[in-house]
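Source file: coords.cif (mmCIF, C-alpha atoms)
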```cif
data_upload
#
loop_
_atom_site.label_atom_id
_atom_site.label_comp_id
_atom_site.auth_asym_id
_atom_site.auth_seq_id
_atom_site.Cartn_x
_atom_site.Cartn_y
_atom_site.Cartn_z
CA MET A 64 -22.84 -2.73 -9.82
CA ALA A 65 -19.79 -0.80 -11.09
CA LEU A 66 -16.83 1.43 -10.23
CA VAL A 67 -15.87 4.16 -12.70
CA VAL A 68 -12.49 5.89 -12.29
CA ILE A 69 -12.23 9.30 -13.96
CA CYS A 70 -8.61 10.32 -14.56
CA GLY A 71 -6.67 13.06 -16.31
CA GLN A 72 -4.43 16.07 -15.92
CA PRO A 73 -5.54 18.87 -13.57
CA CYS A 74 -8.19 21.08 -15.22
CA SER A 75 -8.84 18.62 -18.05
CA GLY A 76 -12.62 18.43 -17.70
CA LYS A 77 -12.89 15.45 -15.35
CA SER A 78 -15.72 16.85 -13.21
CA THR A 79 -17.67 17.82 -16.33
CA ALA A 80 -17.16 14.29 -17.68
CA ALA A 81 -18.27 12.76 -14.38
CA ALA A 82 -21.42 14.89 -14.31
CA CYS A 83 -22.17 14.09 -17.97
CA LEU A 84 -21.71 10.35 -17.39
CA SER A 85 -23.86 10.46 -14.26
CA GLU A 86 -26.68 12.20 -16.15
CA ALA A 87 -26.44 9.78 -19.08
CA LEU A 88 -26.61 6.79 -16.73
CA ARG A 89 -29.70 8.17 -14.98
CA GLN A 90 -31.47 8.36 -18.33
CA THR A 91 -31.18 4.60 -18.89
CA GLU A 92 -33.88 2.08 -18.01
CA PRO A 93 -34.10 0.90 -15.35
CA GLU A 94 -32.48 3.97 -13.78
CA PRO A 95 -29.46 2.89 -11.73
CA SER A 96 -28.35 4.37 -8.43
CA VAL A 97 -25.34 6.60 -9.23
CA ARG A 98 -23.03 8.31 -6.75
CA THR A 99 -20.04 10.56 -7.45
CA ILE A 100 -17.19 10.73 -4.93
CA ASP A 101 -14.84 13.70 -5.20
CA GLU A 102 -12.83 16.19 -3.13
CA THR A 103 -15.76 18.59 -2.80
CA SER A 104 -17.78 15.83 -1.11
CA PHE A 105 -15.47 16.34 1.88
CA HIS A 106 -15.10 20.14 1.50
CA LEU A 107 -11.42 19.72 0.61
CA SER A 108 -9.47 22.52 -1.07
CA ARG A 109 -7.53 21.57 -4.20
CA ASN A 110 -4.43 23.51 -3.22
CA GLN A 111 -4.46 22.25 0.34
CA SER A 112 -5.07 18.64 -0.72
CA TYR A 113 -2.07 18.64 -3.07
CA ALA A 114 0.20 21.00 -1.12
CA ASN A 115 2.67 18.20 -0.30
CA MET A 116 3.00 14.42 -0.47
CA THR A 117 1.57 13.90 3.01
CA GLU A 118 -1.60 15.86 2.26
CA GLU A 119 -1.97 14.08 -1.08
CA LYS A 120 -1.61 10.66 0.55
CA ASN A 121 -4.22 11.61 3.13
CA LEU A 122 -6.59 12.71 0.35
CA ARG A 123 -6.19 9.42 -1.51
CA GLY A 124 -6.77 7.54 1.73
CA VAL A 125 -10.00 9.44 2.42
CA LEU A 126 -11.32 8.89 -1.11
CA ARG A 127 -10.32 5.22 -1.15
CA SER A 128 -12.02 4.55 2.19
CA GLU A 129 -15.21 6.24 1.00
CA VAL A 130 -15.17 4.20 -2.21
CA ASP A 131 -14.69 1.01 -0.19
CA ARG A 132 -17.71 1.85 1.97
CA SER A 133 -19.86 2.83 -1.02
CA LEU A 134 -19.32 -0.09 -3.39
CA SER A 135 -22.20 -2.52 -3.77
CA LYS A 136 -23.89 -4.61 -6.44
CA ASP A 137 -26.82 -2.17 -6.48
CA SER A 138 -25.10 1.10 -7.45
CA ILE A 139 -22.58 2.74 -9.77
CA VAL A 140 -19.82 4.72 -8.05
CA ILE A 141 -17.90 7.38 -10.00
CA VAL A 142 -14.56 8.52 -8.57
CA ASP A 143 -13.99 12.08 -9.79
CA SER A 144 -10.40 12.99 -8.90
CA LEU A 145 -6.99 13.19 -10.57
CA ASN A 146 -6.43 9.44 -10.07
CA SER A 147 -3.12 10.15 -11.77
CA ILE A 148 -0.98 7.49 -10.05
CA LYS A 149 -1.20 4.06 -11.64
CA GLY A 150 -0.57 2.38 -8.28
CA TYR A 151 -3.62 4.16 -6.87
CA ARG A 152 -5.78 3.12 -9.83
CA TYR A 153 -4.63 -0.44 -9.11
CA GLU A 154 -5.83 -0.08 -5.52
CA LEU A 155 -9.24 1.08 -6.74
CA TRP A 156 -9.34 -1.86 -9.17
CA CYS A 157 -8.66 -4.17 -6.20
CA LEU A 158 -11.66 -2.69 -4.39
CA ALA A 159 -13.86 -3.41 -7.39
CA ARG A 160 -12.52 -6.94 -7.63
CA ALA A 161 -13.18 -7.57 -3.94
CA ALA A 162 -16.76 -6.33 -4.43
CA GLY A 163 -17.28 -8.52 -7.51
CA ILE A 164 -18.48 -5.70 -9.79
CA ARG A 165 -17.70 -4.05 -13.14
CA TYR A 166 -14.84 -1.58 -13.47
CA CYS A 167 -13.69 0.91 -16.08
CA VAL A 168 -11.52 4.00 -16.52
CA VAL A 169 -12.58 7.20 -18.29
CA HIS A 170 -9.59 9.30 -19.36
CA CYS A 171 -9.92 13.00 -20.21
CA ASP A 172 -7.04 13.33 -22.66
CA VAL A 173 -6.12 17.03 -22.90
CA ASP A 174 -2.79 18.61 -23.86
CA GLU A 175 -0.90 20.36 -21.06
CA GLN A 176 -1.20 23.86 -22.51
CA SER A 177 -4.97 23.67 -22.74
CA CYS A 178 -5.08 22.53 -19.11
CA ARG A 179 -2.90 25.52 -18.12
CA THR A 180 -5.18 27.90 -19.98
CA TRP A 181 -8.31 26.46 -18.35
CA ASN A 182 -6.67 26.68 -14.92
CA VAL A 183 -5.90 30.39 -15.42
CA GLU A 184 -9.43 31.05 -16.70
CA ARG A 185 -10.95 29.37 -13.67
CA ARG A 186 -8.75 31.45 -11.37
CA GLU A 187 -9.85 34.65 -13.11
CA ARG A 188 -13.50 33.63 -12.64
CA GLU A 189 -12.70 32.91 -8.97
CA GLU A 190 -13.60 29.26 -9.46
CA PRO A 191 -11.64 26.40 -7.84
CA SER A 192 -8.19 26.29 -9.44
CA TYR A 193 -4.60 25.26 -8.70
CA ASP A 194 -1.64 27.44 -7.75
CA ASP A 195 0.92 27.42 -10.57
CA ASN A 196 3.58 25.45 -8.66
CA ILE A 197 1.07 22.78 -7.61
CA PHE A 198 -0.37 22.58 -11.12
CA GLU A 199 3.07 22.05 -12.71
CA ASP A 200 3.99 19.38 -10.15
CA LEU A 201 0.77 17.45 -10.81
CA VAL A 202 1.27 17.68 -14.58
CA ARG A 203 4.81 16.37 -14.25
CA ARG A 204 3.77 13.36 -12.15
CA PHE A 205 0.74 12.30 -14.18
CA GLU A 206 0.88 8.64 -15.29
CA ARG A 207 -1.25 8.06 -18.38
CA PRO A 208 -3.61 5.08 -18.29
CA ASP A 209 -2.73 2.17 -20.56
CA SER A 210 -5.46 -0.23 -21.67
CA LYS A 211 -2.89 -3.06 -21.54
CA ASN A 212 -3.00 -2.80 -17.74
CA ARG A 213 -5.91 -4.64 -16.15
CA TRP A 214 -6.47 -1.72 -13.75
CA ASP A 215 -6.81 0.65 -16.73
CA SER A 216 -9.15 -1.59 -18.70
CA PRO A 217 -11.60 -1.14 -20.25
CA LEU A 218 -10.44 2.38 -21.09
CA PHE A 219 -12.78 5.01 -22.54
CA GLU A 220 -11.01 8.13 -23.82
CA LEU A 221 -12.48 11.61 -24.15
CA TRP A 222 -10.81 14.61 -25.85
CA PRO A 223 -12.50 17.63 -24.20
CA ALA A 224 -10.23 20.25 -25.81
CA LYS A 225 -10.91 18.95 -29.33
CA GLU A 226 -14.43 17.56 -29.15
CA GLY A 227 -15.92 18.88 -25.92
CA ILE A 228 -17.83 16.59 -23.56
CA ASP A 229 -21.23 15.36 -24.66
CA LYS A 230 -23.50 12.45 -23.81
CA SER A 231 -23.65 11.56 -27.50
CA SER A 232 -19.88 11.16 -27.91
CA THR A 233 -18.72 7.69 -28.88
CA ALA A 234 -16.71 7.14 -25.70
CA MET A 235 -19.56 8.27 -23.45
CA VAL A 236 -22.12 6.08 -25.24
CA ASP A 237 -19.75 3.10 -25.08
CA ALA A 238 -19.13 3.65 -21.37
CA VAL A 239 -22.85 3.84 -20.57
CA THR A 240 -23.49 0.70 -22.61
CA TYR A 241 -20.69 -1.17 -20.83
CA LEU A 242 -21.92 -0.13 -17.39
CA THR A 243 -25.61 -0.93 -17.93
CA LYS A 244 -25.62 -3.90 -20.30
CA LYS A 245 -27.30 -7.01 -18.94
CA VAL A 246 -24.93 -9.95 -18.75
CA ASP A 247 -25.41 -13.68 -18.88
CA SER A 248 -23.25 -16.74 -19.44
CA LYS A 249 -22.83 -15.85 -23.12
CA THR A 250 -21.71 -12.25 -22.60
CA ARG A 251 -18.08 -11.68 -23.63
CA ASP A 252 -17.73 -7.90 -23.95
CA VAL A 253 -18.51 -7.05 -20.31
CA LYS A 254 -16.24 -8.22 -17.51
CA ILE A 255 -17.47 -8.70 -13.97
CA LEU A 256 -14.43 -8.81 -11.70
CA GLN A 257 -14.31 -11.86 -9.47
CA PRO A 258 -12.80 -11.91 -5.95
CA THR A 259 -9.76 -14.16 -5.71
CA ILE A 260 -8.71 -16.35 -2.82
CA ALA A 261 -6.00 -13.79 -2.04
CA THR A 262 -8.58 -10.99 -1.95
CA GLN A 263 -10.90 -12.94 0.31
CA SER A 264 -8.16 -14.05 2.70
CA ALA A 265 -6.41 -10.67 2.87
CA ARG A 266 -8.66 -9.26 5.55
CA GLY A 267 -8.38 -12.44 7.60
CA SER A 268 -4.60 -12.17 7.79
CA GLU A 269 -4.63 -8.39 8.35
CA ALA A 270 -4.56 -8.59 12.14
CA ASN A 271 -1.40 -10.70 12.22
CA SER A 272 0.25 -8.47 9.62
CA LEU A 273 -0.46 -5.31 11.57
CA TYR A 274 0.83 -6.99 14.74
CA GLU A 275 4.16 -7.67 13.01
CA MET A 276 4.15 -4.12 11.66
CA ASP A 277 3.62 -2.73 15.15
CA ARG A 278 6.39 -4.82 16.68
CA ALA A 279 8.89 -4.13 13.88
CA THR A 280 8.34 -0.37 13.94
CA GLN A 281 8.77 -0.31 17.71
CA GLU A 282 12.11 -2.10 17.40
CA ILE A 283 13.34 0.44 14.86
CA THR A 284 12.15 3.35 17.02
CA ASN A 285 14.04 1.90 19.99
CA ALA A 286 17.18 1.45 17.84
CA ILE A 287 17.11 5.12 16.80
CA VAL A 288 16.63 6.32 20.37
CA GLU A 289 19.50 4.10 21.55
CA ALA A 290 21.82 5.28 18.76
CA GLN A 291 21.11 8.91 19.58
CA SER A 292 21.74 8.24 23.25
CA ARG A 293 25.15 6.74 22.45
CA ALA A 294 25.99 9.76 20.28
CA LEU A 295 25.41 12.05 23.29
CA GLY A 296 23.72 14.66 21.15
CA GLY A 297 26.38 14.56 18.46
CA PRO A 298 25.74 13.96 14.75
CA LEU A 299 24.73 10.52 13.47
CA ASN A 300 26.07 9.00 10.28
CA GLY A 301 23.05 6.79 9.83
CA VAL A 302 21.66 3.97 11.96
CA SER A 303 22.47 0.41 10.95
CA LEU A 304 19.91 -2.28 11.74
CA GLY A 305 21.72 -5.40 10.61
CA PRO A 306 21.97 -7.45 7.41
CA GLY A 307 19.16 -7.18 4.91
CA ILE A 308 17.75 -3.96 6.39
CA PRO A 309 18.57 -0.56 4.81
CA THR A 310 20.45 2.02 6.85
CA ILE A 311 18.37 4.82 8.33
CA ASP A 312 19.81 7.97 6.77
CA ILE A 313 19.48 10.56 9.50
CA SER A 314 22.08 13.09 10.53
CA ARG A 315 20.00 15.30 12.84
CA SER A 316 18.52 14.58 16.23
CA VAL A 317 14.97 13.26 16.09
CA SER A 318 12.88 13.62 19.22
CA LEU A 319 10.91 10.73 20.68
CA PRO A 320 7.54 12.50 20.12
CA GLU A 321 8.44 12.98 16.45
CA LEU A 322 9.41 9.31 16.11
CA ARG A 323 6.15 8.24 17.73
CA ARG A 324 4.16 10.48 15.39
CA LEU A 325 5.95 9.05 12.32
CA ARG A 326 5.37 5.52 13.58
CA ARG A 327 1.64 6.11 14.15
CA THR A 328 1.23 7.68 10.72
CA PHE A 329 3.06 4.81 9.02
CA ILE A 330 0.93 2.16 10.73
CA LYS A 331 -2.23 4.11 9.84
CA LEU A 332 -1.20 4.30 6.18
CA ALA A 333 -0.36 0.60 6.15
CA GLY A 334 -3.80 -0.18 7.54
CA GLN A 335 -5.51 1.97 4.89
CA THR A 336 -3.59 0.23 2.12
CA SER A 337 -4.63 -3.19 3.41
CA LEU A 338 -8.28 -2.28 2.82
CA SER A 339 -7.80 -2.27 -0.94
CA GLY A 340 -5.30 -5.00 -1.64
CA PRO A 341 -2.94 -7.49 -0.01
CA PRO A 342 -2.31 -6.93 3.70
CA PRO A 343 0.96 -5.52 5.00
CA PRO A 344 3.86 -8.02 5.08
CA SER A 345 3.49 -10.61 7.81
CA ASP A 346 7.24 -11.05 8.38
CA ALA A 347 9.23 -8.66 10.56
CA ASP A 348 12.10 -7.98 8.11
CA SER A 349 9.78 -6.84 5.31
CA ALA A 350 7.93 -4.61 7.76
CA LYS A 351 11.23 -3.12 8.92
CA ARG A 352 12.34 -2.41 5.36
CA MET A 353 9.06 -0.65 4.61
CA PHE A 354 9.30 1.48 7.75
CA VAL A 355 12.93 2.40 7.09
CA ASP A 356 12.04 3.46 3.54
CA TYR A 357 9.22 5.59 4.95
CA LEU A 358 11.50 7.19 7.57
CA ASN A 359 14.16 7.96 4.98
CA ARG A 360 11.58 9.72 2.81
CA GLU A 361 9.99 11.67 5.66
CA LEU A 362 13.17 12.63 7.50
CA GLY A 363 15.02 13.28 4.27
CA SER A 364 12.33 15.72 3.11
CA GLY A 365 12.34 17.41 6.48
#
```
Structure rendered as structure tokens:
Amino acid sequence: MALVVICGQPCSGKSTAAACLSEALRQTEPEPSVRTIDETSFHLSRNQSYANMTEEKNLRGVLRSEVDRSLSKDSIVIVDSLNSIKGYRYELWCLARAAGIRYCVVHCDVDEQSCRTWNVERREREEPSYDDNIFEDLVRRFERPDSKNRWDSPLFELWPAKEGIDKSSTAMVDAVTYLTKKVDSKTRDVKILQPTIATQSARGSEANSLYEMDRATQEITNAIVEAQSRALGGPLNGVSLGPGIPTIDISRSVSLPELRRLRRTFIKLAGQTSLSGPPPPSDADSAKRMFVDYLNRELGSG
């Protein structure tokens, strides 16, 4: 029936907003089936989930997969998480489009200092909170929703620090109305997303795309092993893969088990992404460029 994406800075009142919206929806007639998906559903710690980019990517993958399994035309799914990356909100929008349901974003707009204060207060009460370094990193990387973007529209904005969170607030009432209003051929203020040909054909071409991904990543792994063998244990000044493919920027020795682990993780991430949007590239060169970019990030940060 609908997908609702709650977004905002850490400690901005998102879970309170999700609970308030869920309660307001259950008070409508006929009462809809409402489910909230969040980190606590999987017993995930905030600090552990956002400790580094790998953990954060894994968290988004878990939440996205659960949303994909839960969407239907008979229920409303609320995603209660940071949802701070616009690219991730786009992926969730793609899931809603593929399911042919309504979609909206609820933004808890709170100034950074208020969020910091609430985080400290939660820590003092021994409630779930963020370590200071993780909190500051998340604040810095937050990408505000913009109603001009289709994946941020319609956008309902709450101001918890100024107005609190209440079922009677204008934004909450408008969101409930949008999510529960009956639609017909004359309805113009409620948009039901429609699957496109690209959305419907994406899963059909996924197998071929992942085959090319597997073959391309194996070629790159072999090239790295061969280059290290020629260097006889000495330093590498990058590994060149030919025209059109970026150089692999590695200067240290990378073991074969580590390369295999990176390759498996990359293919797994590519498969998760294909669930919510276009499949991985079906041509070898594009797959190689993606894998090289991934290796440069992972090996560079190591």
Interatomic distance, atom CA of Pro208 of chain A to atom CA of Asp194 of chain A (Å, one decimal):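 Pair atom CA of Pro208 of chain A / atom CA of Asp194 of chain A returns 24.8 Å.
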Taking all atoms listed in the file into account, which of A:Leu145, A:Ile139, A:Val288, A:Val168 comes nearest Ala234 of chain A?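 Looking only at the distances to Ala234 of chain A, the closest residue turns out to be A:Val168.
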Can you tell me how far atom CA of Thr103 of chain A sits from atom CA of Val142 of chain A, in Å to one decimal?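 Taking atom CA of Thr103 of chain A and atom CA of Val142 of chain A, their separation equals 11.7 Å.
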Which residue, A:Ser85, A:Ser292, A:Ser349, A:Ser112, has the smallest gap to Thr280 of chain A when you use only C-alpha atoms?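 Result for the nearest residue to Thr280 of chain A: A:Ser349.
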For atom CA of Trp156 of chain A and atom CA of Asn212 of chain A, quote the distance in Å rounded to one decimal. 10.7 Å
Would you please work out which residue, of A:Ser316, A:Val355, A:Ala224, A:Leu107, is nearest to Asn121 of chain A when using all atoms listed in the file? A:Leu107
Using all atoms listed in the file, which of A:Pro73, A:Lys136, A:Arg152, A:Val253 sits nearest Thr180 of chain A?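 Smallest distance to Thr180 of chain A is found for A:Pro73.
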From the block I gave, I'd like segment 78-92 of chain A written with all heavy atoms, as a PDB file, in the first residue's frame.
```pdb
ATOM      1  N   SER A  78      12.592   7.995  15.538  1.00  0.00           N
ATOM      2  CA  SER A  78      11.846   6.851  16.069  1.00  0.00           C
ATOM      3  C   SER A  78      10.540   7.295  16.716  1.00  0.00           C
ATOM      4  O   SER A  78       9.512   6.617  16.614  1.00  0.00           O
ATOM      5  CB  SER A  78      12.705   6.080  17.079  1.00  0.00           C
ATOM      6  OG  SER A  78      13.815   5.486  16.425  1.00  0.00           O
ATOM      7  N   THR A  79      10.575   8.453  17.389  1.00  0.00           N
ATOM      8  CA  THR A  79       9.346   8.996  17.971  1.00  0.00           C
ATOM      9  C   THR A  79       8.349   9.335  16.871  1.00  0.00           C
ATOM     10  O   THR A  79       7.150   9.071  16.986  1.00  0.00           O
ATOM     11  CB  THR A  79       9.657  10.253  18.806  1.00  0.00           C
ATOM     12  OG1 THR A  79      10.593   9.916  19.831  1.00  0.00           O
ATOM     13  CG2 THR A  79       8.397  10.811  19.446  1.00  0.00           C
ATOM     14  N   ALA A  80       8.851   9.930  15.779  1.00  0.00           N
ATOM     15  CA  ALA A  80       7.987  10.268  14.647  1.00  0.00           C
ATOM     16  C   ALA A  80       7.405   9.016  14.008  1.00  0.00           C
ATOM     17  O   ALA A  80       6.219   8.983  13.640  1.00  0.00           O
ATOM     18  CB  ALA A  80       8.770  11.081  13.618  1.00  0.00           C
ATOM     19  N   ALA A  81       8.238   7.978  13.865  1.00  0.00           N
ATOM     20  CA  ALA A  81       7.755   6.725  13.273  1.00  0.00           C
ATOM     21  C   ALA A  81       6.662   6.099  14.131  1.00  0.00           C
ATOM     22  O   ALA A  81       5.645   5.624  13.619  1.00  0.00           O
ATOM     23  CB  ALA A  81       8.927   5.753  13.096  1.00  0.00           C
ATOM     24  N   ALA A  82       6.871   6.101  15.454  1.00  0.00           N
ATOM     25  CA  ALA A  82       5.865   5.533  16.356  1.00  0.00           C
ATOM     26  C   ALA A  82       4.576   6.346  16.334  1.00  0.00           C
ATOM     27  O   ALA A  82       3.469   5.793  16.348  1.00  0.00           O
ATOM     28  CB  ALA A  82       6.430   5.470  17.776  1.00  0.00           C
ATOM     29  N   CYS A  83       4.717   7.681  16.284  1.00  0.00           N
ATOM     30  CA  CYS A  83       3.549   8.558  16.244  1.00  0.00           C
ATOM     31  C   CYS A  83       2.757   8.349  14.953  1.00  0.00           C
ATOM     32  O   CYS A  83       1.528   8.249  14.972  1.00  0.00           O
ATOM     33  CB  CYS A  83       4.011  10.012  16.368  1.00  0.00           C
ATOM     34  SG  CYS A  83       2.673  11.222  16.403  1.00  0.00           S
ATOM     35  N   LEU A  84       3.464   8.244  13.833  1.00  0.00           N
ATOM     36  CA  LEU A  84       2.808   8.029  12.545  1.00  0.00           C
ATOM     37  C   LEU A  84       2.111   6.666  12.522  1.00  0.00           C
ATOM     38  O   LEU A  84       0.975   6.543  12.042  1.00  0.00           O
ATOM     39  CB  LEU A  84       3.826   8.125  11.408  1.00  0.00           C
ATOM     40  CG  LEU A  84       3.308   7.854  10.001  1.00  0.00           C
ATOM     41  CD1 LEU A  84       2.210   8.834   9.622  1.00  0.00           C
ATOM     42  CD2 LEU A  84       4.455   7.928   8.982  1.00  0.00           C
ATOM     43  N   SER A  85       2.789   5.652  13.048  1.00  0.00           N
ATOM     44  CA  SER A  85       2.210   4.310  13.081  1.00  0.00           C
ATOM     45  C   SER A  85       0.912   4.303  13.885  1.00  0.00           C
ATOM     46  O   SER A  85      -0.101   3.718  13.464  1.00  0.00           O
ATOM     47  CB  SER A  85       3.211   3.329  13.688  1.00  0.00           C
ATOM     48  OG  SER A  85       2.657   2.039  13.797  1.00  0.00           O
ATOM     49  N   GLU A  86       0.925   4.971  15.043  1.00  0.00           N
ATOM     50  CA  GLU A  86      -0.276   5.028  15.880  1.00  0.00           C
ATOM     51  C   GLU A  86      -1.400   5.788  15.189  1.00  0.00           C
ATOM     52  O   GLU A  86      -2.568   5.369  15.227  1.00  0.00           O
ATOM     53  CB  GLU A  86       0.066   5.698  17.210  1.00  0.00           C
ATOM     54  CG  GLU A  86      -1.106   5.757  18.173  1.00  0.00           C
ATOM     55  CD  GLU A  86      -0.760   6.440  19.479  1.00  0.00           C
ATOM     56  OE1 GLU A  86       0.444   6.729  19.704  1.00  0.00           O
ATOM     57  OE2 GLU A  86      -1.690   6.697  20.274  1.00  0.00           O
ATOM     58  N   ALA A  87      -1.046   6.900  14.531  1.00  0.00           N
ATOM     59  CA  ALA A  87      -2.069   7.695  13.839  1.00  0.00           C
ATOM     60  C   ALA A  87      -2.698   6.899  12.692  1.00  0.00           C
ATOM     61  O   ALA A  87      -3.913   6.967  12.461  1.00  0.00           O
ATOM     62  CB  ALA A  87      -1.448   8.984  13.308  1.00  0.00           C
ATOM     63  N   LEU A  88      -1.879   6.131  11.982  1.00  0.00           N
ATOM     64  CA  LEU A  88      -2.394   5.329  10.878  1.00  0.00           C
ATOM     65  C   LEU A  88      -3.344   4.246  11.383  1.00  0.00           C
ATOM     66  O   LEU A  88      -4.371   3.950  10.752  1.00  0.00           O
ATOM     67  CB  LEU A  88      -1.234   4.688  10.109  1.00  0.00           C
ATOM     68  CG  LEU A  88      -0.410   5.627   9.225  1.00  0.00           C
ATOM     69  CD1 LEU A  88       0.875   4.948   8.770  1.00  0.00           C
ATOM     70  CD2 LEU A  88      -1.219   6.073   8.014  1.00  0.00           C
ATOM     71  N   ARG A  89      -3.027   3.665  12.531  1.00  0.00           N
ATOM     72  CA  ARG A  89      -3.856   2.579  13.068  1.00  0.00           C
ATOM     73  C   ARG A  89      -5.200   3.089  13.596  1.00  0.00           C
ATOM     74  O   ARG A  89      -6.103   2.295  13.870  1.00  0.00           O
ATOM     75  CB  ARG A  89      -3.101   1.851  14.173  1.00  0.00           C
ATOM     76  CG  ARG A  89      -1.950   0.988  13.647  1.00  0.00           C
ATOM     77  CD  ARG A  89      -1.389   0.081  14.740  1.00  0.00           C
ATOM     78  NE  ARG A  89      -0.441  -0.879  14.190  1.00  0.00           N
ATOM     79  CZ  ARG A  89       0.879  -0.717  14.183  1.00  0.00           C
ATOM     80  NH1 ARG A  89       1.400   0.404  14.693  1.00  0.00           N
ATOM     81  NH2 ARG A  89       1.674  -1.629  13.669  1.00  0.00           N
ATOM     82  N   GLN A  90      -5.321   4.395  13.736  1.00  0.00           N
ATOM     83  CA  GLN A  90      -6.575   4.969  14.208  1.00  0.00           C
ATOM     84  C   GLN A  90      -7.508   5.364  13.064  1.00  0.00           C
ATOM     85  O   GLN A  90      -8.587   5.884  13.295  1.00  0.00           O
ATOM     86  CB  GLN A  90      -6.286   6.186  15.094  1.00  0.00           C
ATOM     87  CG  GLN A  90      -5.612   5.827  16.411  1.00  0.00           C
ATOM     88  CD  GLN A  90      -5.254   7.032  17.260  1.00  0.00           C
ATOM     89  OE1 GLN A  90      -5.364   8.167  16.800  1.00  0.00           O
ATOM     90  NE2 GLN A  90      -4.816   6.799  18.486  1.00  0.00           N
ATOM     91  N   THR A  91      -7.062   5.122  11.819  1.00  0.00           N
ATOM     92  CA  THR A  91      -7.904   5.422  10.664  1.00  0.00           C
ATOM     93  C   THR A  91      -8.808   4.235  10.356  1.00  0.00           C
ATOM     94  O   THR A  91      -8.579   3.119  10.822  1.00  0.00           O
ATOM     95  CB  THR A  91      -7.044   5.761   9.430  1.00  0.00           C
ATOM     96  OG1 THR A  91      -6.221   4.625   9.097  1.00  0.00           O
ATOM     97  CG2 THR A  91      -6.154   6.960   9.711  1.00  0.00           C
ATOM     98  N   GLU A  92      -9.824   4.487   9.566  1.00  0.00           N
ATOM     99  CA  GLU A  92     -10.774   3.435   9.174  1.00  0.00           C
ATOM    100  C   GLU A  92     -10.799   3.309   7.650  1.00  0.00           C
ATOM    101  O   GLU A  92     -10.924   4.317   6.952  1.00  0.00           O
ATOM    102  CB  GLU A  92     -12.177   3.769   9.684  1.00  0.00           C
ATOM    103  CG  GLU A  92     -12.311   3.746  11.201  1.00  0.00           C
ATOM    104  CD  GLU A  92     -12.183   2.348  11.776  1.00  0.00           C
ATOM    105  OE1 GLU A  92     -12.328   1.376  10.994  1.00  0.00           O
ATOM    106  OE2 GLU A  92     -11.933   2.235  12.980  1.00  0.00           O
TER     107      GLU A  92
END
```
